[in-house]
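Below is work-v1.pdb, which holds PDB, C-alpha atoms.
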ATOM      1  CA  MET A   1    -166.561 -57.423-219.879
ATOM      2  CA  GLU A   2    -167.899 -55.568-222.882
ATOM      3  CA  GLY A   3    -170.569 -57.573-224.676
ATOM      4  CA  ALA A   4    -170.763 -60.158-221.895
ATOM      5  CA  ARG A   5    -173.884 -62.305-221.762
ATOM      6  CA  VAL A   6    -176.383 -61.599-219.026
ATOM      7  CA  SER A   7    -179.674 -63.091-217.936
ATOM      8  CA  GLU A   8    -182.642 -60.847-217.190
ATOM      9  CA  HIS A   9    -184.973 -61.374-214.237
ATOM     10  CA  LEU A  10    -188.122 -59.312-213.750
ATOM     11  CA  ILE A  11    -188.521 -58.491-210.063
ATOM     12  CA  ALA A  12    -192.231 -57.808-209.487
ATOM     13  CA  ALA A  13    -194.900 -58.217-206.847
ATOM     14  CA  ASN A  14    -198.580 -59.027-206.996
ATOM     15  CA  ASN A  15    -200.635 -56.791-204.753
ATOM     16  CA  LEU A  16    -204.383 -57.228-204.237
ATOM     17  CA  ILE A  17    -204.982 -53.473-204.354
ATOM     18  CA  LEU A  18    -202.242 -52.246-206.699
ATOM     19  CA  GLY A  19    -202.073 -55.234-209.072
ATOM     20  CA  THR A  20    -198.730 -56.343-210.503
ATOM     21  CA  VAL A  21    -196.013 -53.845-209.659
ATOM     22  CA  ASN A  22    -192.461 -54.008-211.058
ATOM     23  CA  PHE A  23    -189.389 -53.310-208.956
ATOM     24  CA  LEU A  24    -186.823 -53.604-211.747
ATOM     25  CA  VAL A  25    -185.356 -55.914-214.361
ATOM     26  CA  LEU A  26    -182.298 -57.413-212.698
ATOM     27  CA  THR A  27    -179.438 -58.354-215.004
ATOM     28  CA  LEU A  28    -177.088 -61.042-213.738
ATOM     29  CA  PRO A  29    -174.021 -62.704-215.253
ATOM     30  CA  GLU A  30    -174.851 -65.725-217.377
ATOM     31  CA  GLY A  31    -174.990 -68.866-215.242
ATOM     32  CA  TRP A  32    -176.235 -67.036-212.141
ATOM     33  CA  GLY A  33    -179.767 -67.691-210.926
ATOM     34  CA  LEU A  34    -182.395 -65.946-208.853
ATOM     35  CA  MET A  35    -184.236 -67.930-206.174
ATOM     36  CA  ASP A  36    -187.249 -66.968-204.085
ATOM     37  CA  PRO A  37    -186.463 -67.111-200.351
ATOM     38  CA  GLY A  38    -190.115 -67.690-199.482
ATOM     39  CA  SER A  39    -191.074 -64.209-198.290
ATOM     40  CA  PRO A  40    -193.113 -62.138-200.754
ATOM     41  CA  PRO A  41    -191.991 -58.657-201.848
ATOM     42  CA  GLU A  42    -193.684 -55.736-200.088
ATOM     43  CA  VAL A  43    -195.124 -52.807-202.047
ATOM     44  CA  GLU A  44    -196.450 -49.756-200.227
ATOM     45  CA  ALA A  45    -196.758 -47.302-203.133
ATOM     46  CA  ARG A  46    -196.379 -47.285-206.906
ATOM     47  CA  VAL A  47    -195.858 -44.925-209.819
ATOM     48  CA  LEU A  48    -197.248 -45.387-213.335
ATOM     49  CA  LEU A  49    -195.051 -44.769-216.361
ATOM     50  CA  ASP A  50    -196.384 -45.411-219.869
ATOM     51  CA  GLY A  51    -198.977 -47.836-218.524
ATOM     52  CA  VAL A  52    -196.437 -49.825-216.485
ATOM     53  CA  SER A  53    -196.662 -49.878-212.702
ATOM     54  CA  TRP A  54    -193.352 -49.456-210.838
ATOM     55  CA  THR A  55    -192.772 -49.795-207.095
ATOM     56  CA  ARG A  56    -192.382 -46.335-205.566
ATOM     57  CA  ASP A  57    -191.893 -47.628-202.043
ATOM     58  CA  GLY A  58    -191.163 -51.256-201.207
ATOM     59  CA  ARG A  59    -188.696 -54.012-200.508
ATOM     60  CA  ALA A  60    -187.859 -57.490-201.687
ATOM     61  CA  ALA A  61    -185.370 -60.211-200.765
ATOM     62  CA  TYR A  62    -184.013 -62.975-202.973
ATOM     63  CA  LEU A  63    -181.242 -65.531-203.059
ATOM     64  CA  LEU A  64    -178.654 -65.438-205.840
ATOM     65  CA  ARG A  65    -177.213 -68.741-207.003
ATOM     66  CA  LEU A  66    -173.712 -68.090-208.280
ATOM     67  CA  ASP A  67    -172.382 -70.102-211.200
ATOM     68  CA  ASP A  68    -170.514 -72.493-208.874
ATOM     69  CA  GLY A  69    -173.620 -73.193-206.761
ATOM     70  CA  ARG A  70    -172.812 -70.909-203.815
ATOM     71  CA  VAL A  71    -175.641 -68.694-202.605
ATOM     72  CA  ALA A  72    -175.703 -64.999-201.658
ATOM     73  CA  HIS A  73    -178.578 -62.968-200.229
ATOM     74  CA  LEU A  74    -179.944 -59.971-202.183
ATOM     75  CA  ASP A  75    -181.930 -57.179-200.520
ATOM     76  CA  LEU A  76    -183.733 -54.661-202.719
ATOM     77  CA  ARG A  77    -185.171 -51.419-201.347
ATOM     78  CA  VAL A  78    -187.063 -48.790-203.321
ATOM     79  CA  ALA A  79    -188.203 -45.392-202.010
ATOM     80  CA  SER A  80    -188.940 -41.870-203.181
ATOM     81  CA  ALA A  81    -185.454 -40.935-201.890
ATOM     82  CA  LEU A  82    -182.311 -43.048-202.182
ATOM     83  CA  PRO A  83    -182.337 -45.673-199.393
ATOM     84  CA  PRO A  84    -179.146 -45.617-197.291
ATOM     85  CA  PRO A  85    -176.504 -48.350-197.368
ATOM     86  CA  PRO A  86    -176.587 -50.972-194.587
ATOM     87  CA  PRO A  87    -176.039 -49.375-191.164
ATOM     88  CA  GLY A  88    -172.542 -49.765-189.814
ATOM     89  CA  LEU A  89    -171.012 -50.478-193.239
ATOM     90  CA  GLN A  90    -167.242 -50.640-192.840
ATOM     91  CA  PRO A  91    -165.776 -49.934-196.305
ATOM     92  CA  GLU A  92    -162.930 -52.192-197.391
ATOM     93  CA  ARG A  93    -162.168 -50.395-200.643
ATOM     94  CA  PRO A  94    -162.997 -46.997-202.190
ATOM     95  CA  ALA A  95    -166.516 -46.540-203.567
ATOM     96  CA  VAL A  96    -166.887 -46.860-207.342
ATOM     97  CA  GLU A  97    -168.964 -44.462-209.438
ATOM     98  CA  LEU A  98    -170.649 -46.099-212.438
ATOM     99  CA  ALA A  99    -173.706 -45.761-214.678
ATOM    100  CA  VAL A 100    -176.780 -47.981-214.316
ATOM    101  CA  ASN A 101    -179.250 -47.692-217.196
ATOM    102  CA  GLY A 102    -177.749 -44.260-217.883
ATOM    103  CA  HIS A 103    -178.113 -43.052-214.268
ATOM    104  CA  PRO A 104    -175.159 -42.215-211.985
ATOM    105  CA  ALA A 105    -174.721 -44.935-209.356
ATOM    106  CA  ARG A 106    -172.419 -45.600-206.422
ATOM    107  CA  LEU A 107    -171.083 -49.053-205.541
ATOM    108  CA  GLU A 108    -169.736 -49.621-202.046
ATOM    109  CA  SER A 109    -168.238 -52.756-200.549
ATOM    110  CA  GLY A 110    -167.079 -53.809-197.133
ATOM    111  CA  ARG A 111    -168.438 -55.574-194.094
ATOM    112  CA  ALA A 112    -171.585 -54.955-192.067
ATOM    113  CA  ARG A 113    -173.657 -56.646-189.426
ATOM    114  CA  PRO A 114    -177.000 -57.790-190.873
ATOM    115  CA  VAL A 115    -179.228 -56.866-187.905
ATOM    116  CA  LEU A 116    -179.490 -53.107-187.351
ATOM    117  CA  GLY A 117    -175.770 -52.781-188.043
ATOM    118  CA  ARG A 118    -174.976 -53.921-184.505
ATOM    119  CA  PHE A 119    -175.871 -57.582-184.090
ATOM    120  CA  GLY A 120    -174.595 -60.757-185.664
ATOM    121  CA  ARG A 121    -171.278 -61.485-187.270
ATOM    122  CA  ALA A 122    -169.993 -58.847-189.718
ATOM    123  CA  ARG A 123    -170.512 -60.213-193.224
ATOM    124  CA  PRO A 124    -169.168 -59.199-196.648
ATOM    125  CA  VAL A 125    -171.518 -56.797-198.387
ATOM    126  CA  LEU A 126    -171.703 -55.131-201.805
ATOM    127  CA  THR A 127    -174.269 -52.353-202.152
ATOM    128  CA  LEU A 128    -175.364 -50.347-205.179
ATOM    129  CA  GLY A 129    -177.452 -47.205-204.872
ATOM    130  CA  PHE A 130    -178.858 -44.922-207.558
ATOM    131  CA  ALA A 131    -181.723 -42.585-208.327
ATOM    132  CA  CYS A 132    -184.001 -43.020-211.331
ATOM    133  CA  PRO A 133    -185.328 -39.545-212.172
ATOM    134  CA  VAL A 134    -187.589 -41.010-214.870
ATOM    135  CA  THR A 135    -189.728 -42.760-212.236
ATOM    136  CA  GLY A 136    -188.772 -40.536-209.287
ATOM    137  CA  ARG A 137    -187.388 -43.459-207.282
ATOM    138  CA  GLY A 138    -184.247 -44.302-205.364
ATOM    139  CA  LEU A 139    -183.064 -47.921-205.533
ATOM    140  CA  ARG A 140    -180.644 -49.807-203.311
ATOM    141  CA  LEU A 141    -179.461 -53.344-204.064
ATOM    142  CA  THR A 142    -177.422 -54.989-201.313
ATOM    143  CA  LEU A 143    -175.724 -58.338-201.796
ATOM    144  CA  TRP A 144    -174.691 -60.187-198.638
ATOM    145  CA  GLY A 145    -172.043 -62.821-199.293
ATOM    146  CA  GLU A 146    -168.474 -63.445-200.367
ATOM    147  CA  LEU A 147    -167.644 -62.801-204.026
ATOM    148  CA  ARG A 148    -164.363 -63.613-205.743
ATOM    149  CA  ALA A 149    -162.774 -60.742-207.704
ATOM    150  CA  GLU A 150    -163.903 -62.183-211.060
ATOM    151  CA  GLU A 151    -167.483 -62.652-209.818
ATOM    152  CA  ARG A 152    -167.539 -59.099-208.483
ATOM    153  CA  SER A 153    -166.415 -57.642-211.806
ATOM    154  CA  GLN A 154    -168.944 -59.799-213.710
ATOM    155  CA  LEU A 155    -171.748 -58.627-211.426
ATOM    156  CA  VAL A 156    -170.779 -54.954-211.670
ATOM    157  CA  ALA A 157    -170.626 -55.173-215.465
ATOM    158  CA  SER A 158    -174.014 -56.899-215.653
ATOM    159  CA  LEU A 159    -175.709 -54.335-213.401
ATOM    160  CA  ALA A 160    -174.973 -51.549-215.896
ATOM    161  CA  ALA A 161    -177.826 -52.981-218.018
ATOM    162  CA  LEU A 162    -180.296 -53.224-215.102
ATOM    163  CA  GLY A 163    -183.753 -51.943-216.112
ATOM    164  CA  CYS A 164    -185.326 -49.395-213.753
ATOM    165  CA  HIS A 165    -188.009 -48.039-216.140
TER     166      HIS A 165
END
Could you express the structure from this file as structure tokens?
Amino acid sequence: MEGARVSEHLIAANNLILGTVNFLVLTLPEGWGLMDPGSPPEVEARVLLDGVSWTRDGRAAYLLRLDDGRVAHLDLRVASALPPPPPGLQPERPAVELAVNGHPARLESGRARPVLGRFGRARPVLTLGFACPVTGRGLRLTLWGELRAEERSQLVASLAALGCH
């Protein structure tokens, strides 16, 4: 998918004390959309880099609208150490090592239960974790929902250009 078109989405939060704080710039395949699920992102700490405020500890949730109109749920967690994958993740294929914005990343896929890894029906999950040494943060993006093989490869290719600083 070299040279594929992507759309960029700034994930940020407004905090009364910290001001506007960026999580990341999410890159999605062209035709995909990002929708607000109604709950605001949470920011507990930030780090400044070249005058830009980045979330050091926080979480956000969004809905992804795939190009055919289906919807998947996206969880984003940021911490000073790499957040773990969903509890109880049952891998369905080997993990993939890739680069995200020049940083080593690990992509895992399988099934997991959305509530504490024990409750609810096991759902398809795709999770990407990486550390950004430039900002001293660990980031975990977890997509809950069924993706076709082509959609999965488009998403993985687009995430290589994700902006973490």
Under the PyMOL selection byres ((chain A and resi 47-58) around 10), which residues of this model are included? Write them out as a tab-separated table (two decimals) with C-alpha atoms, in the frame of the given file.
chain	number	residue	atom	x	y	z
A	12	ALA	CA	-192.23	-57.81	-209.49
A	13	ALA	CA	-194.90	-58.22	-206.85
A	18	LEU	CA	-202.24	-52.25	-206.70
A	19	GLY	CA	-202.07	-55.23	-209.07
A	20	THR	CA	-198.73	-56.34	-210.50
A	21	VAL	CA	-196.01	-53.84	-209.66
A	22	ASN	CA	-192.46	-54.01	-211.06
A	23	PHE	CA	-189.39	-53.31	-208.96
A	24	LEU	CA	-186.82	-53.60	-211.75
A	41	PRO	CA	-191.99	-58.66	-201.85
A	42	GLU	CA	-193.68	-55.74	-200.09
A	43	VAL	CA	-195.12	-52.81	-202.05
A	44	GLU	CA	-196.45	-49.76	-200.23
A	45	ALA	CA	-196.76	-47.30	-203.13
A	46	ARG	CA	-196.38	-47.28	-206.91
A	59	ARG	CA	-188.70	-54.01	-200.51
A	60	ALA	CA	-187.86	-57.49	-201.69
A	76	LEU	CA	-183.73	-54.66	-202.72
A	77	ARG	CA	-185.17	-51.42	-201.35
A	78	VAL	CA	-187.06	-48.79	-203.32
A	79	ALA	CA	-188.20	-45.39	-202.01
A	80	SER	CA	-188.94	-41.87	-203.18
A	81	ALA	CA	-185.45	-40.94	-201.89
A	134	VAL	CA	-187.59	-41.01	-214.87
A	135	THR	CA	-189.73	-42.76	-212.24
A	136	GLY	CA	-188.77	-40.54	-209.29
A	137	ARG	CA	-187.39	-43.46	-207.28
A	138	GLY	CA	-184.25	-44.30	-205.36
A	139	LEU	CA	-183.06	-47.92	-205.53
A	164	CYS	CA	-185.33	-49.40	-213.75
A	165	HIS	CA	-188.01	-48.04	-216.14
Matched chain/residue IDs from the PyMOL selection byres ((chain A and resi 30) around 10), as a compact mmCIF listing (two decimals) with C-alpha atoms, keeping the file's coordinate frame:
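Written out: out_36.txt:
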# COMPACT_ATOMS: atom_id res chain seq x y z
CA ALA A 4 -170.76 -60.16 -221.90
CA ARG A 5 -173.88 -62.30 -221.76
CA VAL A 6 -176.38 -61.60 -219.03
CA SER A 7 -179.67 -63.09 -217.94
CA GLU A 8 -182.64 -60.85 -217.19
CA THR A 27 -179.44 -58.35 -215.00
CA LEU A 28 -177.09 -61.04 -213.74
CA PRO A 29 -174.02 -62.70 -215.25
CA GLY A 31 -174.99 -68.87 -215.24
CA TRP A 32 -176.24 -67.04 -212.14
CA GLY A 33 -179.77 -67.69 -210.93
CA LEU A 66 -173.71 -68.09 -208.28
CA ASP A 67 -172.38 -70.10 -211.20
CA GLN A 154 -168.94 -59.80 -213.71
CA LEU A 155 -171.75 -58.63 -211.43
CA SER A 158 -174.01 -56.90 -215.65
Which one of A:Leu26, A:Leu147, A:Ala157, A:Ala131 sits closest to Ile11 in chain A if you count only C-alpha atoms?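 The shortest atom-to-atom distance to Ile11 in chain A comes from A:Leu26.
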Which is closer to Leu126 in chain A than all the others in A:Pro86, A:Ala105, A:Glu97, A:Arg65, using all atoms listed in the file?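 Closest residue, counting all atoms listed in the file: A:Pro86.
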For this file, the PyMOL selection byres ((chain A and resi 95) around 6) selects which residues, as a PyMOL selection string? chain A and resi 94+96+107-108
CA of Gly102 in chain A to CA of Leu143 in chain A, straight-line distance in Å: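 Distance between the two atoms: 21.5 Å.
Going from CA of Pro104 in chain A to CA of Phe130 in chain A covers 6.4 Å.
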Find the residues near Gly120 in chain A: any atom within 12 Å, counting only C-alpha atoms, skip ones fewer than 6 places away on the same chain, and give them as a compact mmCIF listing (two decimals) with C-alpha atoms, in the frame of the given file.
# COMPACT_ATOMS: atom_id res chain seq x y z
CA GLY A 88 -172.54 -49.76 -189.81
CA ARG A 111 -168.44 -55.57 -194.09
CA ALA A 112 -171.58 -54.96 -192.07
CA ARG A 113 -173.66 -56.65 -189.43
CA PRO A 114 -177.00 -57.79 -190.87
Report, as AutoDock Vina command-line options, the centre and edge lengths in Å (one decimal) of the axis-aligned box enclosing every listed atom of range 52-68 of chain A, padded by 4 Å on each side.
--center_x -183.6 --center_y -59.4 --center_z -208.5 --size_x 34.1 --size_y 34.2 --size_z 24.0
Separation of CA of Ala149 in chain A and CA of Val125 in chain A, in Å?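 Computing it gives 13.4 Å between the two atoms.
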Rank A:Pro133, A:Pro84, A:Arg123, A:Asp68 by their smallest atom-to-atom distance to Glu151 in chain A, using only C-alpha atoms, and report the top residue only. A:Asp68
Could you check the closest approach to Ala161 in chain A for each of A:Ala122, A:Val25, A:Cys132, A:Leu74 and tell me which residue wins, using only C-alpha atoms?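 Residue with the minimum atom-to-atom distance to Ala161 in chain A: A:Val25.
Each of A:Gly129, A:Gly163, A:Gly145, A:Pro83 was checked against Leu63 in chain A using only C-alpha atoms; the smallest atom-to-atom distance is that of A:Gly145.
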Write out as a ChimeraX atom specification each polymer residue whose atoms come within 9 Å of Pro85 in chain A, counting all atoms listed in the file; drop sequence neighbours fewer than 4 positions from it. /A:89,108,127-129,140-142
Restricting the calculation to only C-alpha atoms, which member of A:Arg148, A:Ala160, A:Ala61, A:Pro37 is positioned closest to Leu98 in chain A? A:Ala160
